[in-house]
Amino acid sequence: MTDSVFSLSVADDGVAVVTIDVPGEKMNTLRSSFAEDLKTLLKDAQAQAVKGMVFISGKSDNFIAGADIKMLDSANSREDALALSEMCQQAFFDMKKLPFPTVSAIHGAALGGGLEFALACDYRVCSDSDITKLGLPEVQLGLLPGGGGTQRLPKLVGLQKALEWMLTGKQVRAKQAKKTGLVNDCVPHSVLLDVAKEFALKGKAKATKPKLDRLSQLLESNPFGRNIIFKKAQENVLKKTGGHYPAPLAIIKAVRASVELDQLKAYKTEAEGFATLVMSDESKALRGIFFATTEMKKEWRNDDAPAIAKAAVLGGGLMGAGIAHVSAVKAGVPVRIKDVAEKGISNAMNYSYKILDKKQKRRILSKADLQQTMNRITGTTDYSGFKHIDIVIEAVFEDLALKQGMVADVERECQGNTIFASNTSSLPIAQIAADAARPENVIGLHYFSPVEKMPLVEIIPHEGTSEETIARVVNFARKQGKTPIVVKDMAGFYVNRILAPYVNEAANLLLAGEPIEKIDQALVEFGFPVGPLALLDEVGIDIGSKIAPILEKELGDRFKAPDAFNRLIDSKRLGRKTGRGFYLYDKKDKKVDESVYELLGVTPSPRLNKSEIAKRCVAQMLNEAVRCLDDGIIASPRDGDIGAIFGIGFPPFLGGPFSYMDKLGAAQVSSEMATFANYNPIFTPCDTLKAMAEKGGRFYQAESEEPAVVEATSVDPVEVTKEVVEDEQASEDADTETTKS
């Protein structure tokens with residue numbers, strides 16, 4: 001079996017050990033030749049009269065990490081996609097029919113099709129290593145498991161667990177896999193193969209019932225209880241996704257078929273659902289996001305650039321605390337927090353402790369791990385301990401003189417190649433570096449709040465920033481678990497520049513009489529995680545007021561915020577942090593503050609429907625995104641799409657602003673803007689959009705050869721569309737970052 005991913009070795013005891021190793025690749029993936037190779041392997045094994053078979057990976061850190069997405073690209077029609085699913089299902093059925101038992105010995109990732117392969121075995125044994133994770137994350141690509149996963153998983157772990165894992169794409173750790181019955185045993189990696197061989201000699205596995213508590217047993221054992229489970233799951237899905245994502249509903253349908261239909265019809269339901277989803281616009285958009293983020297990992301990569309081994313953060317507020325957290329936890333480096341007050345330091349350290357403590361209580365990490373991580377975070381009110389720091393990230397409020405002073409402090413207190421990274425959300429980096437002695441070390445590093453949850457970071461070099469500094473910061477951001485985009489140094493950079501006119505238009509609609517809740521509902525129904533006015537409350541109305549003049553000064557009148565909003569600030573209505581803004585907040589809920597209308601001199605008088613409201617707000621964002629591309633703020637439409645999705649929750653199922661405009665067509669986008677411009681010139685489509693409309697142009701040209709991408713993923717685009725800010729607001733002081741986006 002020369003070119004096969006399988007190599008077979010039969011021991012004297014009759015146990016065949018099959019090593020899975022895709023040649024020339026870091027990860028094992030299910031490829032189009034997999035089914036044929038497996039068929040040949042099983043025939044070979046039966047000819048040798050083996051007593052049992054163990055599958056183990058030849059890779060050091062993964063079992064089978066998922067399916068090669070190129071297989072989906074080869075599906076030109078629904079029929080092609082259906083054939084892929086049925087081929088996979090049949091291959092796994094063949095394993096079940098073998099006269100001897102099969103065992104998956106899992107170390108590392110067993111995800112997507114990799115876990116479906118393991119589910120088709122009689123037994124599963126996994127290592128107790130931290131890198132061992134099992135899951136069916138296909139929903140994150142807008143798909144359902146098409147190789148029998150929706151049918152086999154519920155029989156092992158129960159309906160509720162199976163639905164939870166498949167609807168969220170959750171990856172299960174080794175001990176939880178054992179506890180729930182997903183695997184038969186969980187053992188040290190050193191004895192994994194030996195234990196798997198023992199299972200291989202046990203004979204064919206008998207069907208067992210899932211390990212359920214009494215209430216779950218009661219619900220899942222009868223049609224009435226199961227109906228409650230499926231109904232509740234559907235309600236939760238629609239609440240979370242707004243009905244924009246078909247995959248979760250298809251998963252529920254396929255799982256329901258596993259208990260209500262005969263086997264043939266149930267598997268057919270899964271295959272039909274898979275085929276429909278492969279061809280859906282939503283899945284194509286989500287797969288496009290994965291292709292984009294995979295490609296981006298290759299850019300600005302320089303393995304020879306000095307690694308960042310020690311970091312410091314200036315400012316112990318919400319942003320500073322979040323940056324310190326991802327640096328210590330994800331990047332695993334020691335972090336020094338400097339704040340003007342001891343309270344700021346303790347608040348920042350407590351921020352990390354609370355997050356880690358939750359994980360410890362859920363047994364995701366041990367007490368020793370918690371303490372070890374917390375030991376990486378230290379604090380100071382001066383620059384002691386900064387001498388050998390590799391990167392200093394400032395997270396203070398938007399004051400140019402303050403930031404320039406910090407550059408001078410860092411150049412005085414730190415080593416010659418220490419990077420100064422500013423988390424400014426709007427000030428040009430060139431201005432911050434204007435008086436620097438070593439401007440090549442100064443760069444922008446703009447995070448989004450909450451830092452530990454939001455995946456994007458903008459990296460902003462000014463003209464004098466060295467390429468080594470850019471590469472080091474990109475590498476560090478990736479170690480922090482972030483998706484970085486490198487953007488040009490202009491006010492607002494990319495994300496805030498497209499966000500500001502979007503929020504301003506929502507404000508204009510409010511001042512024209514549209515009700516607060518109607519405006520926000522319109523954009524949530526469009527697909528955003530939160531409406532623009534609610535977002536402004538979360539960010540802080542005062543923060544928006546500080547950013548707006550910077551953008552207006554640098555970019556013109558179209559960024560001017562309504563003067564009426566100063567009345568909100570004068571009345572101390574700053575948003576959630578003061579308990580009132582456009583909404584009133586208490587511990588349990590929020591509701592529209594009706595007194596805002598009187599304060600702004602507005603009488604609510606709805607005129608537009610929600611669709612028109614959404615179109616007007618989004619039109620401003622689309623127009624500005626194109627201008628950003630024209631100005632070279634972003635290098636490509638791809639970067640613009642990723643920045644908008646991961647930075648502000650632009651609906652992932654639409655693929656991002658540029659993909660969305662391609663879908664609508666430049667002519668339609670330009671025409672709608674021109675109509676709006678009849679009553680407000682600010683909507684006039686930019687020259688590039690007009691030219692594209694005339695020529696029928698697109699932002700994305702013909703698709704090129706895409707790289708292989710597996711179903712494993714570190715970022716769930718659907719999850720990004722949750723509430724942008726969920727955590728408590730940190731108290732502000734003179735050295736506290738208050739900019740949230």
# chains A, B, ... in the order shown; residues from 1 in each chain; ligands from 1
>>> residues_around(residues="range 23-37 of chain A", least_positions_apart="5", cutoff="8 Å", atoms="only C-alpha atoms", output="PyMOL selection string")
chain A and resi 4-6+57+59+62-68+71+87-88+91+113-114+710
>>> select_by_dssp(residues="range 190-380 of chain A", states="alpha helix (DSSP H)", output="PyMOL selection string")
chain A and resi 192-200+214-220+223-241+246-260+263-278+281-296+318-329+342-361+367-374
>>> residues_around(residues="Leu608 in chain A", least_positions_apart="3", cutoff="12 Å", atoms="only C-alpha atoms", output="list in words")
Leu509, Leu510, Ala512, Gly513, Glu514, Pro515, Lys518, Ile519, Ala522, Pro604, Ser605, Ser611, Glu612, Ile613, Ala614, Lys615 and Arg616 of chain A
>>> write_last_selection(atoms="all heavy atoms", output="CSV table (one decimal), in the first residue's frame")
chain,number,residue,atom,x,y,z
A,509,LEU,N,-30.7,58.6,12.5
A,509,LEU,CA,-32.1,58.0,12.4
A,509,LEU,C,-32.8,58.3,13.7
A,509,LEU,O,-34.0,58.6,13.7
A,509,LEU,CB,-32.0,56.5,12.2
A,509,LEU,CG,-31.5,56.2,10.7
A,509,LEU,CD1,-31.1,54.7,10.7
A,509,LEU,CD2,-32.7,56.4,9.8
A,510,LEU,N,-32.1,58.2,14.9
A,510,LEU,CA,-32.8,58.4,16.2
A,510,LEU,C,-33.2,59.9,16.2
A,510,LEU,O,-34.4,60.2,16.6
A,510,LEU,CB,-31.8,58.1,17.3
A,510,LEU,CG,-32.2,58.6,18.7
A,510,LEU,CD1,-33.5,58.0,19.2
A,510,LEU,CD2,-31.1,58.3,19.7
A,512,ALA,N,-34.0,61.7,13.9
A,512,ALA,CA,-35.1,61.9,12.9
A,512,ALA,C,-36.4,61.3,13.4
A,512,ALA,O,-37.4,61.4,12.7
A,512,ALA,CB,-34.7,61.3,11.6
A,513,GLY,N,-36.4,60.7,14.6
A,513,GLY,CA,-37.6,60.1,15.2
A,513,GLY,C,-37.8,58.6,15.2
A,513,GLY,O,-38.7,58.1,15.8
A,514,GLU,N,-36.8,57.9,14.7
A,514,GLU,CA,-36.9,56.4,14.8
A,514,GLU,C,-36.6,56.0,16.2
A,514,GLU,O,-35.7,56.4,16.8
A,514,GLU,CB,-35.9,55.8,13.8
A,514,GLU,CG,-36.2,56.0,12.3
A,514,GLU,CD,-37.6,55.5,11.9
A,514,GLU,OE1,-38.1,54.6,12.5
A,514,GLU,OE2,-38.1,56.0,10.9
A,515,PRO,N,-37.5,55.1,16.7
A,515,PRO,CA,-37.3,54.6,18.1
A,515,PRO,C,-36.0,53.8,18.3
A,515,PRO,O,-35.5,53.1,17.4
A,515,PRO,CB,-38.5,53.7,18.4
A,515,PRO,CG,-39.5,54.1,17.3
A,515,PRO,CD,-38.7,54.5,16.1
A,518,LYS,N,-36.2,50.0,17.9
A,518,LYS,CA,-36.4,49.7,16.5
A,518,LYS,C,-35.1,49.7,15.7
A,518,LYS,O,-34.9,48.8,14.9
A,518,LYS,CB,-37.5,50.6,15.9
A,518,LYS,CG,-37.9,50.2,14.4
A,518,LYS,CD,-38.9,51.2,13.9
A,518,LYS,CE,-39.2,51.0,12.4
A,518,LYS,NZ,-40.0,52.0,11.8
A,519,ILE,N,-34.3,50.7,15.9
A,519,ILE,CA,-33.0,50.8,15.2
A,519,ILE,C,-32.2,49.6,15.6
A,519,ILE,O,-31.6,49.0,14.7
A,519,ILE,CB,-32.3,52.2,15.6
A,519,ILE,CG1,-33.1,53.4,15.1
A,519,ILE,CG2,-30.9,52.2,15.0
A,519,ILE,CD1,-32.7,54.7,15.6
A,522,ALA,N,-33.4,46.3,14.1
A,522,ALA,CA,-33.2,46.2,12.7
A,522,ALA,C,-31.9,45.7,12.3
A,522,ALA,O,-31.7,44.8,11.4
A,522,ALA,CB,-33.4,47.6,12.0
A,604,PRO,N,-40.5,60.5,19.2
A,604,PRO,CA,-40.5,59.2,18.4
A,604,PRO,C,-41.6,59.2,17.4
A,604,PRO,O,-42.8,59.4,17.7
A,604,PRO,CB,-40.7,58.1,19.4
A,604,PRO,CG,-40.2,58.7,20.7
A,604,PRO,CD,-40.6,60.2,20.6
A,605,SER,N,-41.3,59.1,16.1
A,605,SER,CA,-42.3,59.0,15.0
A,605,SER,C,-41.7,58.1,13.9
A,605,SER,O,-41.1,58.6,13.0
A,605,SER,CB,-42.5,60.5,14.5
A,605,SER,OG,-41.3,61.1,14.2
A,611,SER,N,-36.0,47.1,7.5
A,611,SER,CA,-35.1,46.8,6.3
A,611,SER,C,-34.4,48.1,5.8
A,611,SER,O,-33.2,48.1,5.6
A,611,SER,CB,-35.8,46.1,5.2
A,611,SER,OG,-35.0,46.0,4.1
A,612,GLU,N,-35.2,49.2,5.8
A,612,GLU,CA,-34.6,50.5,5.3
A,612,GLU,C,-33.6,51.0,6.3
A,612,GLU,O,-32.6,51.6,5.9
A,612,GLU,CB,-35.8,51.5,5.1
A,612,GLU,CG,-36.7,51.1,3.9
A,612,GLU,CD,-37.9,52.0,3.8
A,612,GLU,OE1,-38.6,52.1,4.9
A,612,GLU,OE2,-38.2,52.6,2.8
A,613,ILE,N,-33.9,50.8,7.6
A,613,ILE,CA,-33.0,51.3,8.6
A,613,ILE,C,-31.7,50.6,8.5
A,613,ILE,O,-30.6,51.2,8.5
A,613,ILE,CB,-33.6,51.1,10.0
A,613,ILE,CG1,-34.8,52.1,10.2
A,613,ILE,CG2,-32.6,51.2,11.1
A,613,ILE,CD1,-35.6,51.8,11.5
A,614,ALA,N,-31.7,49.2,8.4
A,614,ALA,CA,-30.5,48.4,8.3
A,614,ALA,C,-29.7,48.8,7.0
A,614,ALA,O,-28.5,49.0,7.1
A,614,ALA,CB,-30.9,46.9,8.2
A,615,LYS,N,-30.4,49.0,5.9
A,615,LYS,CA,-29.7,49.3,4.7
A,615,LYS,C,-29.0,50.7,4.8
A,615,LYS,O,-27.9,50.8,4.3
A,615,LYS,CB,-30.7,49.4,3.5
A,615,LYS,CG,-31.1,48.1,2.9
A,615,LYS,CD,-32.1,48.2,1.8
A,615,LYS,CE,-32.6,46.9,1.2
A,615,LYS,NZ,-33.5,47.1,0.1
A,616,ARG,N,-29.6,51.6,5.4
A,616,ARG,CA,-29.0,53.0,5.6
A,616,ARG,C,-27.7,52.9,6.4
A,616,ARG,O,-26.7,53.4,6.1
A,616,ARG,CB,-30.0,54.0,6.1
A,616,ARG,CG,-30.9,54.5,5.1
A,616,ARG,CD,-31.9,55.5,5.6
A,616,ARG,NE,-31.3,56.6,6.4
A,616,ARG,CZ,-32.0,57.7,6.7
A,616,ARG,NH1,-33.3,57.8,6.3
A,616,ARG,NH2,-31.4,58.7,7.4
>>> residues_around(residues="range 594-596 of chain A", least_positions_apart="4", cutoff="9 Å", atoms="only C-alpha atoms", output="CSV table (one decimal) with N, CA, C and O atoms, in the first residue's frame")
chain,number,residue,atom,x,y,z
A,568,LEU,N,-26.1,64.1,26.2
A,568,LEU,CA,-26.1,62.8,27.0
A,568,LEU,C,-24.9,62.8,27.9
A,568,LEU,O,-24.9,62.4,29.1
A,581,GLY,N,-27.8,55.2,29.5
A,581,GLY,CA,-27.4,55.8,28.3
A,581,GLY,C,-28.6,55.9,27.5
A,581,GLY,O,-29.6,56.6,27.8
A,582,PHE,N,-28.6,55.2,26.4
A,582,PHE,CA,-29.9,55.1,25.6
A,582,PHE,C,-30.8,54.1,26.3
A,582,PHE,O,-32.0,54.1,26.2
A,583,TYR,N,-30.2,53.2,27.1
A,583,TYR,CA,-30.9,52.2,27.9
A,583,TYR,C,-30.7,52.5,29.4
A,583,TYR,O,-29.7,53.1,29.8
A,600,LEU,N,-32.9,64.8,24.0
A,600,LEU,CA,-32.4,65.1,22.7
A,600,LEU,C,-33.4,65.9,21.9
A,600,LEU,O,-33.1,66.3,20.7
A,601,GLY,N,-34.5,66.3,22.4
A,601,GLY,CA,-35.5,67.1,21.7
A,601,GLY,C,-36.1,66.3,20.6
A,601,GLY,O,-36.4,66.9,19.5
A,602,VAL,N,-36.4,65.0,20.8
A,602,VAL,CA,-36.9,64.1,19.7
A,602,VAL,C,-38.3,63.6,20.2
A,602,VAL,O,-38.5,63.2,21.3
>>> atom_distance(atom1="CA of Pro188 in chain A", atom2="CA of Asp128 in chain A")
5.4 Å
>>> atom_distance(atom1="CA of Val407 in chain A", atom2="CA of Glu440 in chain A")
12.0 Å
>>> closest_atom_pairs(of="range 493-517 of chain A", to="range 470-488 of chain A", cutoff="10 Å", atoms="only C-alpha atoms", output="tab-separated table")
residue	atom	partner	partner_atom	distance
A:Phe493	CA	A:Val487	CA	6.6
A:Tyr494	CA	A:Val487	CA	6.9
A:Val495	CA	A:Val487	CA	9.8
>>> residues_around(residues="Ala564 in chain A", least_positions_apart="2", cutoff="12 Å", atoms="only C-alpha atoms", output="list in words")
Asn504, Ala507, Asn508, Leu510, Leu511, Ala512, Ile541, Ser545, Lys560, Ala561, Pro562, Asn566, Arg567, Leu568, Ile569, Asp570, Ser571, Val596, Tyr597, Glu598, Leu599, Leu600, Gly601 and Val602 of chain A
>>> decode(residues="range 489-501 of chain A", atoms="all heavy atoms", output="compact mmCIF listing (two decimals), in the first residue's frame")
# COMPACT_ATOMS: atom_id res chain seq x y z
N ASP A 489 -1.38 53.24 8.54
CA ASP A 489 -1.47 54.20 9.64
C ASP A 489 -2.24 55.46 9.21
O ASP A 489 -1.66 56.42 8.70
CB ASP A 489 -0.05 54.57 10.09
CG ASP A 489 -0.05 55.53 11.26
OD1 ASP A 489 -1.05 55.53 12.01
OD2 ASP A 489 0.95 56.27 11.41
N MET A 490 -3.56 55.42 9.40
CA MET A 490 -4.39 56.61 9.23
C MET A 490 -5.42 56.61 10.36
O MET A 490 -5.73 55.55 10.93
CB MET A 490 -5.11 56.61 7.87
CG MET A 490 -4.22 56.99 6.70
SD MET A 490 -5.13 57.06 5.13
CE MET A 490 -6.09 58.56 5.35
N ALA A 491 -5.94 57.77 10.68
CA ALA A 491 -6.87 57.89 11.81
C ALA A 491 -7.99 56.86 11.73
O ALA A 491 -8.61 56.68 10.69
CB ALA A 491 -7.46 59.30 11.83
N GLY A 492 -8.25 56.20 12.86
CA GLY A 492 -9.32 55.22 12.92
C GLY A 492 -8.94 53.86 12.39
O GLY A 492 -9.67 52.89 12.58
N PHE A 493 -7.79 53.80 11.67
CA PHE A 493 -7.32 52.55 11.07
C PHE A 493 -8.44 51.96 10.20
O PHE A 493 -9.01 52.67 9.38
CB PHE A 493 -6.81 51.60 12.15
CG PHE A 493 -5.93 52.31 13.16
CD1 PHE A 493 -6.16 52.19 14.51
CD2 PHE A 493 -4.90 53.14 12.73
CE1 PHE A 493 -5.37 52.88 15.43
CE2 PHE A 493 -4.10 53.83 13.63
CZ PHE A 493 -4.34 53.70 15.00
N TYR A 494 -8.79 50.69 10.39
CA TYR A 494 -9.84 50.13 9.53
C TYR A 494 -11.16 49.96 10.28
O TYR A 494 -12.20 50.51 9.91
CB TYR A 494 -9.41 48.80 8.94
CG TYR A 494 -10.52 48.11 8.17
CD1 TYR A 494 -11.04 48.69 7.01
CD2 TYR A 494 -11.07 46.90 8.61
CE1 TYR A 494 -12.09 48.08 6.30
CE2 TYR A 494 -12.10 46.28 7.90
CZ TYR A 494 -12.60 46.87 6.76
OH TYR A 494 -13.63 46.27 6.06
N VAL A 495 -11.12 49.21 11.38
CA VAL A 495 -12.37 48.82 12.04
C VAL A 495 -13.15 50.04 12.55
O VAL A 495 -14.35 50.18 12.29
CB VAL A 495 -12.09 47.82 13.19
CG1 VAL A 495 -13.36 47.57 14.00
CG2 VAL A 495 -11.59 46.50 12.61
N ASN A 496 -12.49 50.93 13.28
CA ASN A 496 -13.21 52.10 13.79
C ASN A 496 -13.61 53.05 12.66
O ASN A 496 -14.60 53.77 12.78
CB ASN A 496 -12.36 52.84 14.82
CG ASN A 496 -12.53 52.23 16.20
OD1 ASN A 496 -13.46 51.49 16.45
ND2 ASN A 496 -11.60 52.52 17.10
N ARG A 497 -12.85 53.03 11.60
CA ARG A 497 -13.19 53.92 10.48
C ARG A 497 -14.48 53.48 9.80
O ARG A 497 -15.27 54.31 9.36
CB ARG A 497 -12.03 53.96 9.47
CG ARG A 497 -12.31 54.92 8.34
CD ARG A 497 -11.09 55.27 7.55
NE ARG A 497 -11.45 55.78 6.23
CZ ARG A 497 -10.58 56.13 5.30
NH1 ARG A 497 -9.29 56.05 5.54
NH2 ARG A 497 -10.99 56.57 4.12
N ILE A 498 -14.71 52.17 9.69
CA ILE A 498 -15.98 51.73 9.08
C ILE A 498 -17.11 51.70 10.10
O ILE A 498 -18.29 51.75 9.74
CB ILE A 498 -15.85 50.35 8.38
CG1 ILE A 498 -15.56 49.23 9.37
CG2 ILE A 498 -14.79 50.40 7.28
CD1 ILE A 498 -15.64 47.83 8.78
N LEU A 499 -16.74 51.62 11.38
CA LEU A 499 -17.76 51.57 12.43
C LEU A 499 -18.37 52.94 12.70
O LEU A 499 -19.58 53.07 12.91
CB LEU A 499 -17.15 51.01 13.72
CG LEU A 499 -18.08 50.85 14.92
CD1 LEU A 499 -19.18 49.83 14.61
CD2 LEU A 499 -17.30 50.41 16.16
N ALA A 500 -17.55 53.99 12.66
CA ALA A 500 -18.01 55.34 13.03
C ALA A 500 -19.18 55.83 12.18
O ALA A 500 -20.21 56.27 12.72
CB ALA A 500 -16.85 56.32 12.97
N PRO A 501 -19.11 55.77 10.83
CA PRO A 501 -20.26 56.25 10.04
C PRO A 501 -21.51 55.38 10.22
O PRO A 501 -22.64 55.88 10.12
CB PRO A 501 -19.75 56.20 8.59
CG PRO A 501 -18.56 55.32 8.60
CD PRO A 501 -17.97 55.40 9.97
